[in-house]
Amino acid sequence: MSANPPDPQPTPDLPRHVAVVMDGNGRWAERRGLPRTAGHRAGMKAARAAVEHSIRRGVGALTLFAFSSENWSRPAEEVGVLMQLFVEGLQREVRQLVDNGVRLRFIGDRAALSARLRESMRSAEELTAGNDRLELFIAASYGGRWDIVQAARSLAADARDGRLDPALIGDADFAARLSLGAAPDPDLFIRTGGEFRISNFLLWNLAYTELYFCDTLWPDFGAVDYDAAIAHFAGRERRYGRTSGQVRSGA
Ligand code: FPP
């Protein structure tokens, strides 16, 4: 299949797909003399607001990095509270997601999660499966390298069993086996919390994504910050390897 980047066209004002590293919960709490877990609770509210603002602005897909493969090495108590938050948050929010037309899906290594959380995830995915106003992907126990490895394993198994000719494997075949599957690549990546890193998020899918970093700590990230990120995106010229002249002339 084709390995070509998308055809050049003027950058639309609105990203179709936004991917977010929600960083800064711990520092937000520590600055208030609170336990780090209070920051995660506040972060959950900011995530809810980001979902609502995505709908308001007409963004089609939102991917939130809730828990990375590497976050398993945090103190057991913090991991436990995060997992508890995920279960409670899902149970509390799912009705609102259904009403708001949000389709929820999870990406990441589910085998590492508790049976209770996996069941809440499955049920929320099922309940929201008919929605199409916003596609919400939550990355939990997710790592970009894990994602690439699991896609490679799946292709290798098909090749071994004679279902696939390795010589014919192209970009699109690989992308289809990644966790985001048929979703468009993110147009805009946002990282809050002042760090300039991708931190093993969506390594393949971010190849041509516009990157936006801000100092705001995630619990403080609201509609004004989100709009600033969208305005940054609207001001970018996406060239996909071509020249600026080619993009302007549509060549
Ligand atoms: C990074 O901040 C944040 C996390 C590891 C957890 C993110 C989780 C939430 C925002 C709540 C759940 C949200 C959803 C959508 C399920 P940090 O703890 O690394 O902050 P720090 O860099 O200030 O220490």
# chains A, B, ... in the order shown; residues from 1 in each chain; ligands from 1
$ closest_atom_pairs --of "chain A" --to "ligand 1" --cutoff "8 Å" --atoms "only C-alpha atoms and all ligand atoms" --output "Markdown table"
| residue | atom | partner | partner_atom_place_in_ligand_line | distance |
| --- | --- | --- | --- | --- |
| A:Val21 | CA | ligand 1 | 1 (C) | 7.5 |
| A:Met22 | CA | ligand 1 | 3 (C) | 5.4 |
| A:Asp23 | CA | ligand 1 | 2 (O) | 3.9 |
| A:Gly24 | CA | ligand 1 | 23 (O) | 3.3 |
| A:Asn25 | CA | ligand 1 | 20 (O) | 4.0 |
| A:Gly26 | CA | ligand 1 | 23 (O) | 3.7 |
| A:Arg27 | CA | ligand 1 | 23 (O) | 3.5 |
| A:Trp28 | CA | ligand 1 | 23 (O) | 6.2 |
| A:Ala29 | CA | ligand 1 | 23 (O) | 7.9 |
| A:Arg36 | CA | ligand 1 | 18 (O) | 6.9 |
| A:Gly39 | CA | ligand 1 | 18 (O) | 7.3 |
| A:His40 | CA | ligand 1 | 11 (C) | 4.9 |
| A:Arg41 | CA | ligand 1 | 11 (C) | 6.2 |
| A:Ala42 | CA | ligand 1 | 10 (C) | 7.4 |
| A:Gly43 | CA | ligand 1 | 10 (C) | 3.9 |
| A:Met44 | CA | ligand 1 | 11 (C) | 4.0 |
| A:Lys45 | CA | ligand 1 | 11 (C) | 7.8 |
| A:Ala46 | CA | ligand 1 | 10 (C) | 7.1 |
| A:Ala47 | CA | ligand 1 | 15 (C) | 5.2 |
| A:Arg48 | CA | ligand 1 | 15 (C) | 7.1 |
| A:Leu64 | CA | ligand 1 | 15 (C) | 6.0 |
| A:Phe65 | CA | ligand 1 | 7 (C) | 6.7 |
| A:Ala66 | CA | ligand 1 | 7 (C) | 4.2 |
| A:Phe67 | CA | ligand 1 | 5 (C) | 5.3 |
| A:Ser68 | CA | ligand 1 | 5 (C) | 7.1 |
| A:Asn71 | CA | ligand 1 | 5 (C) | 6.4 |
| A:Leu82 | CA | ligand 1 | 8 (C) | 7.0 |
| A:Leu85 | CA | ligand 1 | 12 (C) | 6.8 |
| A:Phe86 | CA | ligand 1 | 16 (C) | 5.2 |
| A:Gly89 | CA | ligand 1 | 16 (C) | 6.9 |
| A:Leu90 | CA | ligand 1 | 16 (C) | 7.7 |
| A:Ile138 | CA | ligand 1 | 15 (C) | 6.2 |
| A:Ala140 | CA | ligand 1 | 16 (C) | 7.9 |
| A:Gly193 | CA | ligand 1 | 22 (O) | 6.6 |
| A:Leu217 | CA | ligand 1 | 23 (O) | 7.2 |
| A:Trp218 | CA | ligand 1 | 10 (C) | 7.1 |
| A:Pro219 | CA | ligand 1 | 10 (C) | 7.5 |
$ residues_around --residues "Asp173 (chain A)" --least-positions-apart "3" --cutoff "12 Å" --atoms "only C-alpha atoms" --output "list in words"
Met1, Ser2, Ala3, Ala151, Ala152, Ser154, Leu155, Ala156, Asp158, Leu164, Asp165, Pro166, Ala167, Leu168, Ile169, Gly170, Ala176, Arg177, Leu178, Gly181 and Ala182 of chain A
$ closest_residue --among "A:Leu14, A:Leu180, A:Val224, A:Ala159" --to "Leu136 (chain A)" --atoms "only C-alpha atoms"
A:Leu180
$ residues_around --residues "Arg110 (chain A)" --least-positions-apart "5" --cutoff "9 Å" --atoms "only C-alpha atoms" --output "list in words"
Arg118, Ala140, Ser141 and Tyr142 of chain A
$ write_last_selection --atoms "N, CA, C and O atoms" --output "short mmCIF file (atom, residue, chain, number, x, y, z; two decimals), in the first residue's frame"
data_model
loop_
_atom_site.label_atom_id
_atom_site.label_comp_id
_atom_site.auth_asym_id
_atom_site.auth_seq_id
_atom_site.Cartn_x
_atom_site.Cartn_y
_atom_site.Cartn_z
N ARG A 118 -10.92 -3.70 33.46
CA ARG A 118 -11.14 -4.17 32.08
C ARG A 118 -12.63 -4.31 31.79
O ARG A 118 -13.10 -3.97 30.71
N ALA A 140 -4.31 3.87 28.23
CA ALA A 140 -4.09 3.37 29.59
C ALA A 140 -3.18 2.16 29.52
O ALA A 140 -3.44 1.23 28.75
N SER A 141 -2.10 2.19 30.29
CA SER A 141 -1.05 1.17 30.17
C SER A 141 -0.57 1.14 28.72
O SER A 141 -0.39 0.08 28.13
N TYR A 142 -0.38 2.32 28.17
CA TYR A 142 -0.02 2.47 26.76
C TYR A 142 1.43 2.95 26.63
O TYR A 142 1.89 3.80 27.39
#
$ atom_distance --atom1 "CA of Glu93 (chain A)" --atom2 "CA of Pro35 (chain A)"
23.8 Å
$ residues_around --residues "Asn100 (chain A)" --least-positions-apart "5" --cutoff "9 Å" --atoms "only C-alpha atoms" --output "PDB file with C-alpha atoms, in the first residue's frame"
ATOM      1  CA  GLU A  52     -16.573  19.066  26.460  1.00  0.00           C
ATOM      2  CA  ILE A  55     -17.241  18.819  21.285  1.00  0.00           C
ATOM      3  CA  ARG A  95     -23.912   8.220  31.016  1.00  0.00           C
ATOM      4  CA  ASN A 131     -21.887   7.478  18.991  1.00  0.00           C
ATOM      5  CA  ARG A 133     -19.909  13.166  17.648  1.00  0.00           C
ATOM      6  CA  LEU A 134     -16.471  12.786  19.255  1.00  0.00           C
TER       7      LEU A 134
END
$ closest_atom_pairs --of "region 74-162 of chain A" --to "region 194-206 of chain A" --cutoff "7 Å" --atoms "only C-alpha atoms" --output "CSV"
residue,atom,partner,partner_atom,distance
A:Gly143,CA,A:Asn200,CA,5.4
A:Gly144,CA,A:Leu202,CA,4.7
A:Arg145,CA,A:Asn200,CA,6.7
$ select_by_dssp --residues "region 12-250 of chain A" --states "strand (DSSP E or B)" --output "PyMOL selection string"
chain A and resi 17-21+61-68+102-107+134-142+188-191+210-213
$ write_last_selection --atoms "C-alpha atoms" --output "PDB file, in the first residue's frame"
ATOM      1  CA  HIS A  17      -7.698  14.800  15.947  1.00  0.00           C
ATOM      2  CA  VAL A  18      -5.992  16.171  19.076  1.00  0.00           C
ATOM      3  CA  ALA A  19      -3.659  14.065  21.248  1.00  0.00           C
ATOM      4  CA  VAL A  20      -2.773  15.220  24.765  1.00  0.00           C
ATOM      5  CA  VAL A  21      -0.090  14.391  27.336  1.00  0.00           C
ATOM      6  CA  ALA A  61     -11.203  12.826  17.849  1.00  0.00           C
ATOM      7  CA  LEU A  62      -9.378  13.305  21.137  1.00  0.00           C
ATOM      8  CA  THR A  63      -6.727  10.972  22.550  1.00  0.00           C
ATOM      9  CA  LEU A  64      -5.740  11.405  26.207  1.00  0.00           C
ATOM     10  CA  PHE A  65      -2.627   9.804  27.693  1.00  0.00           C
ATOM     11  CA  ALA A  66      -3.954   8.693  31.088  1.00  0.00           C
ATOM     12  CA  PHE A  67      -1.357   6.097  32.104  1.00  0.00           C
ATOM     13  CA  SER A  68       1.826   5.045  30.340  1.00  0.00           C
ATOM     14  CA  VAL A 102     -19.004  10.480  22.585  1.00  0.00           C
ATOM     15  CA  ARG A 103     -17.637   7.154  21.432  1.00  0.00           C
ATOM     16  CA  LEU A 104     -15.103   5.935  23.985  1.00  0.00           C
ATOM     17  CA  ARG A 105     -12.296   3.531  23.228  1.00  0.00           C
ATOM     18  CA  PHE A 106      -9.213   2.482  25.150  1.00  0.00           C
ATOM     19  CA  ILE A 107      -5.775   1.872  23.762  1.00  0.00           C
ATOM     20  CA  LEU A 134     -16.471  12.786  19.255  1.00  0.00           C
ATOM     21  CA  GLU A 135     -14.171   9.786  19.247  1.00  0.00           C
ATOM     22  CA  LEU A 136     -12.452   9.699  22.617  1.00  0.00           C
ATOM     23  CA  PHE A 137      -9.431   7.425  22.969  1.00  0.00           C
ATOM     24  CA  ILE A 138      -8.004   6.941  26.438  1.00  0.00           C
ATOM     25  CA  ALA A 139      -4.484   5.556  26.490  1.00  0.00           C
ATOM     26  CA  ALA A 140      -4.092   3.374  29.592  1.00  0.00           C
ATOM     27  CA  SER A 141      -1.053   1.175  30.172  1.00  0.00           C
ATOM     28  CA  TYR A 142      -0.018   2.470  26.763  1.00  0.00           C
ATOM     29  CA  LEU A 188      -2.265  18.486  16.977  1.00  0.00           C
ATOM     30  CA  PHE A 189      -0.274  17.173  19.951  1.00  0.00           C
ATOM     31  CA  ILE A 190      -0.535  19.114  23.211  1.00  0.00           C
ATOM     32  CA  ARG A 191       1.704  18.592  26.217  1.00  0.00           C
ATOM     33  CA  GLU A 210       1.990  19.697  14.890  1.00  0.00           C
ATOM     34  CA  LEU A 211       3.497  19.854  18.391  1.00  0.00           C
ATOM     35  CA  TYR A 212       2.336  22.326  21.045  1.00  0.00           C
ATOM     36  CA  PHE A 213       3.906  22.612  24.483  1.00  0.00           C
TER      37      PHE A 213
END
